[in-house]
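Have a look at coords19.tsv; it's TSV, C-alpha atoms:
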```tsv
chain	number	residue	atom	x	y	z
A	215	MET	CA	1.75	12.05	7.05
A	216	SER	CA	3.66	9.28	5.39
A	217	TRP	CA	3.34	8.96	1.63
A	218	ALA	CA	4.82	5.87	-0.04
A	219	ALA	CA	5.58	4.21	3.32
A	220	HIS	CA	1.96	3.05	3.59
A	221	GLU	CA	2.17	1.08	0.33
A	222	LEU	CA	5.64	-0.32	1.00
A	223	GLU	CA	5.01	-1.38	4.59
A	224	SER	CA	2.42	-3.90	3.38
A	225	TYR	CA	5.20	-5.91	1.67
A	226	VAL	CA	7.49	-5.62	4.69
A	227	LEU	CA	4.69	-6.95	6.90
A	228	GLN	CA	3.91	-9.71	4.40
A	229	LYS	CA	7.51	-10.89	4.68
A	230	HIS	CA	7.41	-11.07	8.46
A	231	VAL	CA	3.95	-12.44	9.20
A	232	LYS	CA	3.42	-16.17	9.38
A	233	SER	CA	0.99	-17.94	7.11
A	234	GLY	CA	-2.68	-17.39	7.77
A	235	VAL	CA	-2.63	-13.64	7.10
A	236	SER	CA	-4.08	-12.20	3.90
A	237	TYR	CA	-1.82	-9.84	1.96
A	238	LEU	CA	-4.89	-8.04	0.58
A	239	GLY	CA	-6.09	-7.65	4.16
A	240	ILE	CA	-2.75	-6.12	5.16
A	241	LEU	CA	-2.90	-3.77	2.17
A	242	LEU	CA	-6.46	-2.71	2.96
A	243	GLY	CA	-5.45	-2.14	6.59
A	244	CYS	CA	-2.47	-0.04	5.52
A	245	LEU	CA	-4.70	2.13	3.30
A	246	LEU	CA	-7.77	2.14	5.56
A	247	PRO	CA	-7.19	5.19	7.82
A	248	ASP	CA	-6.76	7.49	4.81
A	249	LEU	CA	-9.19	5.70	2.50
A	250	PHE	CA	-12.28	7.82	3.11
A	251	THR	CA	-10.68	10.72	4.95
A	252	LYS	CA	-8.03	12.10	2.62
A	253	LEU	CA	-10.11	13.94	-0.01
A	254	PRO	CA	-11.29	16.76	2.30
A	255	VAL	CA	-7.76	17.14	3.69
A	256	TYR	CA	-6.45	18.62	0.45
A	257	GLY	CA	-9.82	19.73	-0.89
A	258	TRP	CA	-11.83	18.32	-3.74
A	259	THR	CA	-14.04	20.19	-6.20
A	260	ILE	CA	-16.59	18.65	-8.51
A	261	GLY	CA	-18.90	20.96	-10.44
A	262	GLY	CA	-19.56	23.88	-8.12
A	263	PHE	CA	-19.22	21.78	-4.98
A	264	THR	CA	-16.03	21.93	-2.94
A	265	LEU	CA	-15.21	19.57	-0.10
A	266	LYS	CA	-12.41	20.99	2.02
A	267	ALA	CA	-11.62	20.86	5.71
A	268	ASP	CA	-11.07	24.28	7.32
A	269	PHE	CA	-8.27	22.89	9.49
A	270	PRO	CA	-6.89	19.79	7.74
A	271	ALA	CA	-4.77	18.51	10.63
A	272	GLN	CA	-7.69	18.78	13.06
A	273	TYR	CA	-10.05	17.04	10.64
A	274	HIS	CA	-7.59	14.33	9.54
A	275	ARG	CA	-5.93	13.35	12.82
A	276	SER	CA	-7.82	14.87	15.71
A	277	TRP	CA	-11.17	15.01	17.49
A	278	PRO	CA	-13.66	16.43	16.57
A	279	GLY	CA	-12.79	15.13	13.12
A	280	VAL	CA	-11.99	11.74	11.63
A	281	GLY	CA	-8.80	11.27	13.64
A	282	PHE	CA	-10.36	8.20	15.27
A	283	THR	CA	-9.50	6.32	12.05
A	284	HIS	CA	-5.86	6.67	13.14
A	285	SER	CA	-6.31	4.89	16.48
A	286	LEU	CA	-5.55	1.32	17.58
A	287	LEU	CA	-9.12	0.62	18.64
A	288	PHE	CA	-10.55	1.63	15.26
A	289	GLY	CA	-8.42	-1.10	13.66
A	290	VAL	CA	-9.79	-3.65	16.10
A	291	LEU	CA	-13.42	-2.60	15.55
A	292	PHE	CA	-13.06	-2.61	11.77
A	293	ALA	CA	-11.31	-6.00	11.84
A	294	LEU	CA	-14.11	-7.40	14.03
A	295	ALA	CA	-16.72	-6.08	11.60
A	296	VAL	CA	-14.86	-7.79	8.75
A	297	LEU	CA	-14.68	-10.99	10.81
A	298	ALA	CA	-18.44	-10.86	11.40
A	299	VAL	CA	-19.20	-10.36	7.72
A	300	THR	CA	-16.59	-12.52	6.00
A	301	ARG	CA	-15.80	-15.08	8.74
A	302	SER	CA	-12.25	-14.92	7.44
A	303	ARG	CA	-9.46	-15.03	10.02
A	304	CYS	CA	-6.73	-14.25	7.51
A	305	TRP	CA	-8.47	-11.04	6.40
A	306	THR	CA	-9.20	-10.02	9.99
A	307	LEU	CA	-5.57	-10.41	11.03
A	308	GLY	CA	-4.34	-8.70	7.87
A	309	ILE	CA	-6.54	-5.65	8.36
A	310	LEU	CA	-5.62	-5.38	12.02
A	311	ILE	CA	-1.87	-5.60	11.36
A	312	GLY	CA	-2.06	-3.19	8.41
A	313	GLU	CA	-4.15	-0.59	10.25
A	314	TRP	CA	-1.88	-0.65	13.29
A	315	ALA	CA	1.17	-0.27	11.03
A	316	HIS	CA	-0.38	2.81	9.40
A	317	VAL	CA	-1.29	4.35	12.74
A	318	LEU	CA	2.20	3.78	14.14
A	319	THR	CA	3.93	5.01	10.96
A	320	ASP	CA	1.98	8.27	11.11
A	321	THR	CA	3.30	9.00	14.61
A	322	PHE	CA	6.52	10.17	12.98
A	323	ASP	CA	5.22	13.50	11.62
A	324	SER	CA	4.59	16.61	13.72
A	325	VAL	CA	0.85	15.97	14.26
A	326	GLY	CA	1.09	12.26	15.10
A	327	THR	CA	-1.92	10.10	15.87
A	328	MET	CA	-4.39	9.62	18.73
A	329	LEU	CA	-3.22	6.07	19.37
A	330	LEU	CA	-5.31	5.54	22.49
A	331	PHE	CA	-8.54	7.25	21.38
A	332	PRO	CA	-11.32	7.37	22.68
A	333	PHE	CA	-9.81	7.20	26.15
A	334	THR	CA	-7.54	10.13	25.44
A	335	THR	CA	-7.20	12.61	22.58
A	336	GLN	CA	-3.48	12.90	23.31
A	337	HIS	CA	-1.44	12.88	20.06
A	338	TYR	CA	1.68	10.70	19.95
A	339	SER	CA	4.37	12.11	17.68
A	340	THR	CA	8.13	12.04	17.23
A	341	GLY	CA	7.94	15.22	15.12
A	342	MET	CA	10.44	13.89	12.58
A	343	TRP	CA	9.02	16.01	9.75
A	344	ALA	CA	6.37	18.73	9.43
A	345	TYR	CA	2.74	17.83	8.78
A	346	ALA	CA	1.90	20.27	6.00
A	347	ALA	CA	-1.46	19.24	4.52
A	348	GLN	CA	-2.68	22.78	5.18
A	349	ALA	CA	-0.32	23.87	2.35
A	350	GLY	CA	-2.39	21.86	-0.14
A	351	ARG	CA	-1.44	18.68	-1.94
A	352	TYR	CA	1.51	20.17	-3.81
A	353	GLY	CA	2.73	22.19	-0.85
A	354	ASP	CA	2.58	19.03	1.25
A	355	ALA	CA	4.41	17.04	-1.44
A	356	ALA	CA	7.13	19.68	-1.68
A	357	ALA	CA	7.49	19.78	2.14
A	358	TYR	CA	7.49	15.99	2.53
A	359	TYR	CA	9.98	15.24	-0.22
A	360	SER	CA	12.27	18.09	0.87
A	361	SER	CA	12.44	16.87	4.46
A	362	LEU	CA	13.11	13.73	6.47
A	363	GLY	CA	9.72	12.50	5.24
A	364	GLY	CA	11.33	11.66	1.90
A	365	VAL	CA	14.19	9.93	3.71
A	366	TRP	CA	11.59	7.93	5.66
A	367	ASP	CA	10.04	6.73	2.37
A	368	VAL	CA	13.46	5.76	0.99
A	369	LEU	CA	14.14	3.86	4.21
A	370	TRP	CA	10.91	1.88	3.76
A	371	LEU	CA	11.85	1.21	0.14
A	372	GLY	CA	15.20	-0.16	1.31
A	373	VAL	CA	13.55	-2.37	3.94
A	374	ALA	CA	11.01	-3.63	1.38
A	375	LEU	CA	13.79	-4.35	-1.13
A	376	SER	CA	15.77	-6.24	1.50
A	377	GLY	CA	12.88	-8.72	1.52
A	378	PHE	CA	12.70	-8.86	-2.26
A	379	SER	CA	11.76	-12.56	-2.22
A	380	VAL	CA	8.15	-11.65	-1.35
A	381	LEU	CA	7.88	-10.00	-4.75
A	382	ARG	CA	8.87	-13.10	-6.65
A	383	ARG	CA	6.26	-14.97	-8.65
A	384	ARG	CA	7.05	-18.18	-6.80
A	385	TYR	CA	6.37	-16.58	-3.41
A	386	PHE	CA	3.07	-15.18	-4.63
A	387	LEU	CA	1.86	-18.37	-6.27
A	388	GLU	CA	2.96	-20.71	-3.48
A	389	ARG	CA	2.48	-18.58	-0.36
A	390	VAL	CA	0.16	-15.64	-0.96
A	391	ALA	CA	-2.49	-16.79	-3.45
A	392	PRO	CA	-3.30	-20.26	-2.05
A	393	GLN	CA	-4.18	-19.02	1.43
A	394	ASP	CA	-6.55	-16.24	0.35
A	395	PRO	CA	-9.58	-17.17	-1.81
A	396	ALA	CA	-9.88	-13.51	-2.83
A	397	TRP	CA	-7.11	-14.00	-5.41
A	398	ALA	CA	-9.00	-16.83	-7.12
A	399	TRP	CA	-12.13	-14.65	-7.07
A	400	LEU	CA	-10.21	-11.72	-8.60
A	401	GLN	CA	-8.87	-14.03	-11.28
A	402	ARG	CA	-12.34	-15.31	-12.18
A	403	ARG	CA	-14.13	-11.97	-11.86
A	404	PHE	CA	-11.72	-9.99	-14.06
A	405	ASP	CA	-10.58	-12.90	-16.23
A	406	LEU	CA	-6.94	-12.30	-15.27
A	407	ASP	CA	-4.14	-14.53	-16.42
A	408	GLU	CA	-1.17	-15.35	-14.19
A	409	ARG	CA	0.86	-12.37	-15.41
A	410	ALA	CA	-1.87	-9.87	-14.58
A	411	LEU	CA	-2.56	-11.53	-11.23
A	412	VAL	CA	1.11	-11.31	-10.23
A	413	ALA	CA	1.14	-7.70	-11.46
A	414	ALA	CA	-1.86	-6.95	-9.22
A	415	TYR	CA	0.09	-8.32	-6.25
A	416	ARG	CA	3.19	-6.28	-7.10
A	417	ALA	CA	1.29	-3.16	-8.19
A	418	TRP	CA	1.41	-1.25	-4.90
A	419	PHE	CA	5.13	-1.89	-4.56
A	420	VAL	CA	5.83	-0.54	-8.06
A	421	TYR	CA	3.49	2.39	-7.45
A	422	GLY	CA	4.91	3.14	-3.99
A	423	ALA	CA	8.52	3.01	-5.15
A	424	SER	CA	7.82	5.10	-8.25
A	425	ARG	CA	5.83	7.59	-6.25
A	426	ILE	CA	8.88	8.48	-4.17
A	427	PHE	CA	10.95	9.37	-7.22
A	428	GLY	CA	8.08	10.94	-9.19
A	429	TRP	CA	7.17	13.35	-6.42
A	430	THR	CA	10.83	14.04	-5.58
A	431	LEU	CA	11.45	14.82	-9.25
A	432	TRP	CA	8.53	17.22	-9.20
A	433	ALA	CA	9.42	18.79	-5.84
A	434	ARG	CA	13.12	19.28	-6.56
A	435	VAL	CA	13.21	19.86	-10.35
A	436	LEU	CA	9.82	20.92	-11.73
A	437	ASN	CA	8.29	22.74	-8.77
A	438	PRO	CA	8.18	26.46	-9.67
A	439	GLU	CA	8.79	27.35	-6.00
A	440	ARG	CA	11.77	25.05	-5.51
A	441	GLY	CA	14.04	28.07	-4.94
A	442	VAL	CA	12.11	28.91	-1.75
A	443	GLN	CA	11.00	25.40	-0.86
A	444	VAL	CA	14.53	24.11	-0.35
A	445	VAL	CA	15.73	20.78	1.02
A	446	ASP	CA	15.83	20.80	4.83
A	447	TRP	CA	16.76	17.56	6.55
A	448	SER	CA	16.64	19.02	10.05
A	449	TRP	CA	14.41	17.28	12.62
A	450	GLY	CA	10.86	18.63	12.24
A	451	GLY	CA	11.68	20.34	8.96
A	452	PRO	CA	11.36	21.80	6.48
A	453	GLY	CA	11.63	25.14	8.22
A	454	TRP	CA	9.84	27.01	5.43
A	455	VAL	CA	6.45	25.46	6.22
A	456	GLU	CA	4.40	25.72	9.41
A	457	ALA	CA	4.67	22.41	11.28
A	458	VAL	CA	1.24	21.80	12.81
A	459	SER	CA	1.27	19.90	16.09
A	460	PHE	CA	-0.96	19.06	19.06
A	461	PRO	CA	1.48	18.86	21.97
A	462	ALA	CA	0.52	17.93	25.53
A	463	ARG	CA	0.29	20.83	27.97
A	464	SER	CA	2.82	19.24	30.32
A	465	TRP	CA	4.67	15.98	30.95
A	466	ALA	CA	2.35	15.31	33.89
A	467	GLN	CA	-0.72	15.63	31.68
A	468	PHE	CA	0.94	13.48	28.99
A	469	SER	CA	1.73	10.74	31.52
A	470	LEU	CA	-1.75	10.81	33.03
A	471	SER	CA	-3.46	10.71	29.62
A	472	THR	CA	-1.22	7.88	28.49
A	473	ALA	CA	-1.82	5.81	31.63
A	474	TRP	CA	-5.58	6.33	31.36
A	475	GLY	CA	-5.49	5.55	27.64
A	476	LEU	CA	-3.51	2.34	28.11
A	477	VAL	CA	-5.86	1.10	30.83
A	478	GLY	CA	-8.93	2.05	28.80
A	479	VAL	CA	-7.75	0.47	25.55
A	480	SER	CA	-6.63	-2.71	27.34
A	481	ALA	CA	-9.99	-3.00	29.12
A	482	ALA	CA	-11.89	-2.32	25.89
A	483	LEU	CA	-9.88	-4.97	24.03
A	484	ALA	CA	-10.52	-7.56	26.76
A	485	LEU	CA	-14.23	-6.71	26.82
A	486	LEU	CA	-14.55	-6.83	23.03
A	487	TRP	CA	-12.84	-10.21	22.95
A	488	ARG	CA	-15.05	-11.67	25.66
A	489	VAL	CA	-18.32	-10.26	24.33
A	490	VAL	CA	-17.97	-10.70	20.56
A	491	GLY	CA	-14.41	-11.44	19.44
A	492	ALA	CA	-14.02	-14.98	20.81
A	493	ARG	CA	-17.40	-16.06	19.41
A	494	LEU	CA	-16.76	-14.59	15.98
A	495	TRP	CA	-13.26	-16.07	15.92
A	496	ALA	CA	-14.52	-19.53	16.84
A	497	ARG	CA	-17.06	-19.67	13.99
A	498	ALA	CA	-14.57	-18.24	11.44
A	499	ALA	CA	-12.21	-20.24	9.27
B	260	MET	CA	-5.88	-12.94	-20.97
B	261	GLY	CA	-8.03	-15.70	-19.67
B	262	ALA	CA	-5.63	-18.56	-20.27
B	263	ASP	CA	-5.74	-21.25	-17.61
B	264	ARG	CA	-2.61	-20.32	-15.68
B	265	SER	CA	-4.21	-20.13	-12.28
B	266	PRO	CA	-2.17	-20.27	-9.07
B	267	ASP	CA	-3.53	-23.73	-8.43
B	268	ALA	CA	-2.62	-24.94	-11.89
B	269	ALA	CA	0.83	-23.38	-11.70
B	270	GLY	CA	1.61	-24.42	-8.14
B	271	PRO	CA	3.93	-27.18	-7.06
B	272	GLY	CA	2.66	-30.55	-8.16
B	273	SER	CA	1.48	-29.37	-11.54
B	274	SER	CA	4.52	-31.02	-13.05
B	275	GLU	CA	5.83	-29.98	-16.38
B	276	ALA	CA	8.36	-32.82	-16.49
B	277	GLY	CA	8.49	-36.51	-15.52
B	278	GLY	CA	8.57	-37.17	-11.73
B	279	PRO	CA	7.31	-34.96	-8.91
B	280	GLY	CA	10.81	-33.66	-8.15
B	281	ASP	CA	11.38	-32.81	-11.79
B	282	GLY	CA	7.98	-31.13	-11.86
B	283	ALA	CA	8.80	-28.88	-8.91
B	284	ALA	CA	12.16	-27.98	-10.41
B	285	ALA	CA	10.61	-27.27	-13.79
B	286	THR	CA	7.93	-25.11	-12.18
B	287	ALA	CA	10.52	-23.15	-10.20
B	288	ASP	CA	12.49	-22.72	-13.40
B	289	ARG	CA	9.43	-21.43	-15.23
B	290	PHE	CA	8.73	-18.96	-12.41
B	291	ARG	CA	12.28	-17.62	-12.72
B	292	ARG	CA	12.05	-17.41	-16.52
B	293	ASP	CA	8.72	-15.60	-16.38
B	294	ASP	CA	10.04	-13.16	-13.75
B	295	ARG	CA	13.04	-12.36	-15.94
B	296	ALA	CA	10.90	-12.01	-19.08
B	297	GLU	CA	8.60	-9.52	-17.36
B	298	LEU	CA	11.37	-7.38	-15.89
B	299	PRO	CA	11.44	-4.94	-18.87
B	300	LEU	CA	7.69	-4.42	-18.49
B	301	TYR	CA	8.03	-3.51	-14.81
B	302	LEU	CA	10.97	-1.21	-15.57
B	303	GLY	CA	8.86	0.45	-18.27
B	304	ALA	CA	6.01	0.90	-15.79
B	305	VAL	CA	8.41	2.45	-13.26
B	306	VAL	CA	9.81	4.91	-15.83
B	307	VAL	CA	6.32	5.96	-16.99
B	308	LEU	CA	5.13	6.36	-13.39
B	309	ILE	CA	8.15	8.44	-12.39
B	310	VAL	CA	8.38	10.70	-15.45
B	311	GLY	CA	4.65	10.81	-16.17
B	312	GLY	CA	3.91	11.18	-12.47
B	313	ALA	CA	6.27	14.14	-12.14
B	314	LEU	CA	4.52	15.80	-15.08
B	315	VAL	CA	0.85	15.07	-14.41
B	316	ARG	CA	1.21	14.36	-10.67
B	317	THR	CA	-2.02	13.25	-8.98
B	318	TRP	CA	-3.72	12.23	-12.24
B	319	LEU	CA	-1.33	9.28	-12.31
B	320	LEU	CA	0.22	9.23	-8.85
B	321	ASN	CA	-2.85	8.35	-6.84
B	322	TRP	CA	-3.59	5.09	-5.07
B	323	ILE	CA	-6.11	3.89	-7.67
B	324	ALA	CA	-4.69	5.07	-11.00
B	325	GLY	CA	-1.06	4.21	-10.15
B	326	PRO	CA	-1.50	0.53	-9.25
B	327	LEU	CA	-4.16	0.08	-11.96
B	328	PHE	CA	-1.71	1.43	-14.51
B	329	VAL	CA	0.86	-1.17	-13.40
B	330	VAL	CA	-1.62	-4.04	-13.81
B	331	VAL	CA	-2.81	-2.84	-17.22
B	332	PHE	CA	0.70	-2.00	-18.47
B	333	VAL	CA	2.22	-5.32	-17.40
B	334	GLY	CA	-0.87	-7.43	-18.11
B	335	PHE	CA	-1.69	-6.07	-21.58
B	336	GLY	CA	1.86	-5.06	-22.44
B	337	GLY	CA	3.01	-8.59	-21.69
B	338	ALA	CA	0.33	-10.07	-23.93
B	339	VAL	CA	1.29	-7.71	-26.78
B	340	LEU	CA	4.98	-8.55	-26.38
B	341	GLU	CA	4.20	-12.26	-26.31
B	342	ARG	CA	2.24	-12.00	-29.56
B	343	ALA	CA	5.04	-10.00	-31.17
B	344	ARG	CA	7.63	-12.62	-30.12
B	345	ALA	CA	5.41	-15.45	-31.36
B	346	GLY	CA	4.99	-13.62	-34.67
B	347	ARG	CA	8.76	-13.26	-35.06
B	348	ALA	CA	9.38	-16.89	-34.13
B	349	ALA	CA	6.81	-18.29	-36.56
B	350	PRO	CA	8.09	-19.07	-40.09
B	351	PRO	CA	6.99	-16.49	-42.66
B	352	ALA	CA	3.90	-17.62	-44.55
B	353	THR	CA	4.47	-18.32	-48.24
B	354	LYS	CA	1.97	-17.41	-50.91
B	355	SER	CA	0.80	-21.00	-51.27
B	356	ASP	CA	0.44	-21.32	-47.46
B	357	ALA	CA	-1.58	-18.14	-47.27
B	358	SER	CA	-3.95	-19.00	-50.11
B	359	PRO	CA	-7.22	-20.71	-49.18
```

Taking this structure as input, can you express it in the form of structure tokens?
Amino acid sequence: MSWAAHELESYVLQKHVKSGVSYLGILLGCLLPDLFTKLPVYGWTIGGFTLKADFPAQYHRSWPGVGFTHSLLFGVLFALAVLAVTRSRCWTLGILIGEWAHVLTDTFDSVGTMLLFPFTTQHYSTGMWAYAAQAGRYGDAAAYYSSLGGVWDVLWLGVALSGFSVLRRRYFLERVAPQDPAWAWLQRRFDLDERALVAAYRAWFVYGASRIFGWTLWARVLNPERGVQVVDWSWGGPGWVEAVSFPARSWAQFSLSTAWGLVGVSAALALLWRVVGARLWARAA
Amino acid sequence: MGADRSPDAAGPGSSEAGGPGDGAAATADRFRRDDRAELPLYLGAVVVLIVGGALVRTWLLNWIAGPLFVVVFVGFGGAVLERARAGRAAPPATKSDASP
């Protein structure tokens, strides 16, 4: 899985989208697939109760499991639900763009994502680094920040910094805040002044950037197992952790699943638009 | 917190100088000044998140606590710094000034 990339990509998208897209929507979309699914991946104990998936990769990215949250169609359905409730086009577009960015970004680890679910459970993956959630949160952090995963985060940081103007106060006050009433609501609800409001906009950038260096510092300097868990920038690394994956049985099966998935998703999108999407869009502002 | 510095109030057109052009330039200038003034706060937040995050890990480096820390640190830290600066800039109160 990608770590800081999901926070940083929201600013990269904000720079490239035209007006009429909510930044908060993009951010929510970028966080959405992991929002309610991540706790059982690493395990969570409160009192005597422990919530932990037996096979984290299966639970997180596959089916049966909650892997449907990492599919293109899930983003569309969630965005349509938001459109129905809020009647806000800028939030709908933001969530859709953000969710699709998350889903595509996660195709770079060894497990990948079921992009074309439910028409196929085929995982799409470049296998750039090892998915290692089964090693626990700290094992995963050590693996990610000792492999090309960490390089991937630094790359996203560089891309986000290349569009630094989106982080300026002027950009926020003239471009981001006026087109999304949620910022005015946040300001009223929490009695925020301009400084705090701008900080709220920049917060996920600061957090995402710091997260890269904080976890790298832990993985490479403070981690008691750093002698064994060494840096490995080979493709699919690090070699010291098991890289979970769900490969296709053959190229023929991969091609067939992909073709069926593309047709199915395209048909579903067209149907959704005709049945509900166009109507909801027309009554939204 | 709570001062009326809303995006609408601070946006272009809310002139701080004579004509509309001057107002836009003055506003842009204020934005730049404010960005520069807050830079130390953001750098402080980054240092705390990196060093503190490496030490306490997920207690600080999670998607709720991390961003919330940035907002609180910059929001409240900025207000504290502003008060300290205002205190330094104000002339020291004499005994006769201070007496009721």

Check: which chain A residues lie within 10 Å of chain B using only C-alpha atoms, as a VMD selection string: chain A and resid 218 221 245 249 351 to 352 381 to 392 397 to 398 401 to 402 404 to 433 435 to 437

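Atom CA of Thr251 of chain A lies 29.3 Å from atom CA of Ser469 of chain A.
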
Long-range neighbours of Thr340 of chain A as JSON, numbers by chain, 8 Å cut-off, all atoms listed in the file, 5 positions minimum in chain: {"A": [321, 322, 323, 324, 326]}

Given the selection you just returned, output its residues as a file containing C-alpha atoms, formatted as a tab-separated table (two decimals), in the coordinates of the input.
```
chain	number	residue	atom	x	y	z
A	321	THR	CA	3.30	9.00	14.61
A	322	PHE	CA	6.52	10.17	12.98
A	323	ASP	CA	5.22	13.50	11.62
A	324	SER	CA	4.59	16.61	13.72
A	326	GLY	CA	1.09	12.26	15.10
```

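Counting all atoms listed in the file, the residue from A:His316, A:Arg403, A:Arg493, A:Arg275 that sits nearest to Ser459 of chain A is A:Arg275.
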
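Pairwise distance (atom CA of Phe282 of chain A, atom CA of Ala484 of chain A) equals 19.5 Å.
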
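The two atoms in question, atom CA of Gly363 of chain A and atom CA of Trp343 of chain A, are spaced 5.8 Å apart.
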
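The nearest approach to Pro270 of chain A among the residues A:Lys252, A:Arg440, A:Arg497, A:Lys229, with all atoms listed in the file taken into account, belongs to A:Lys252.
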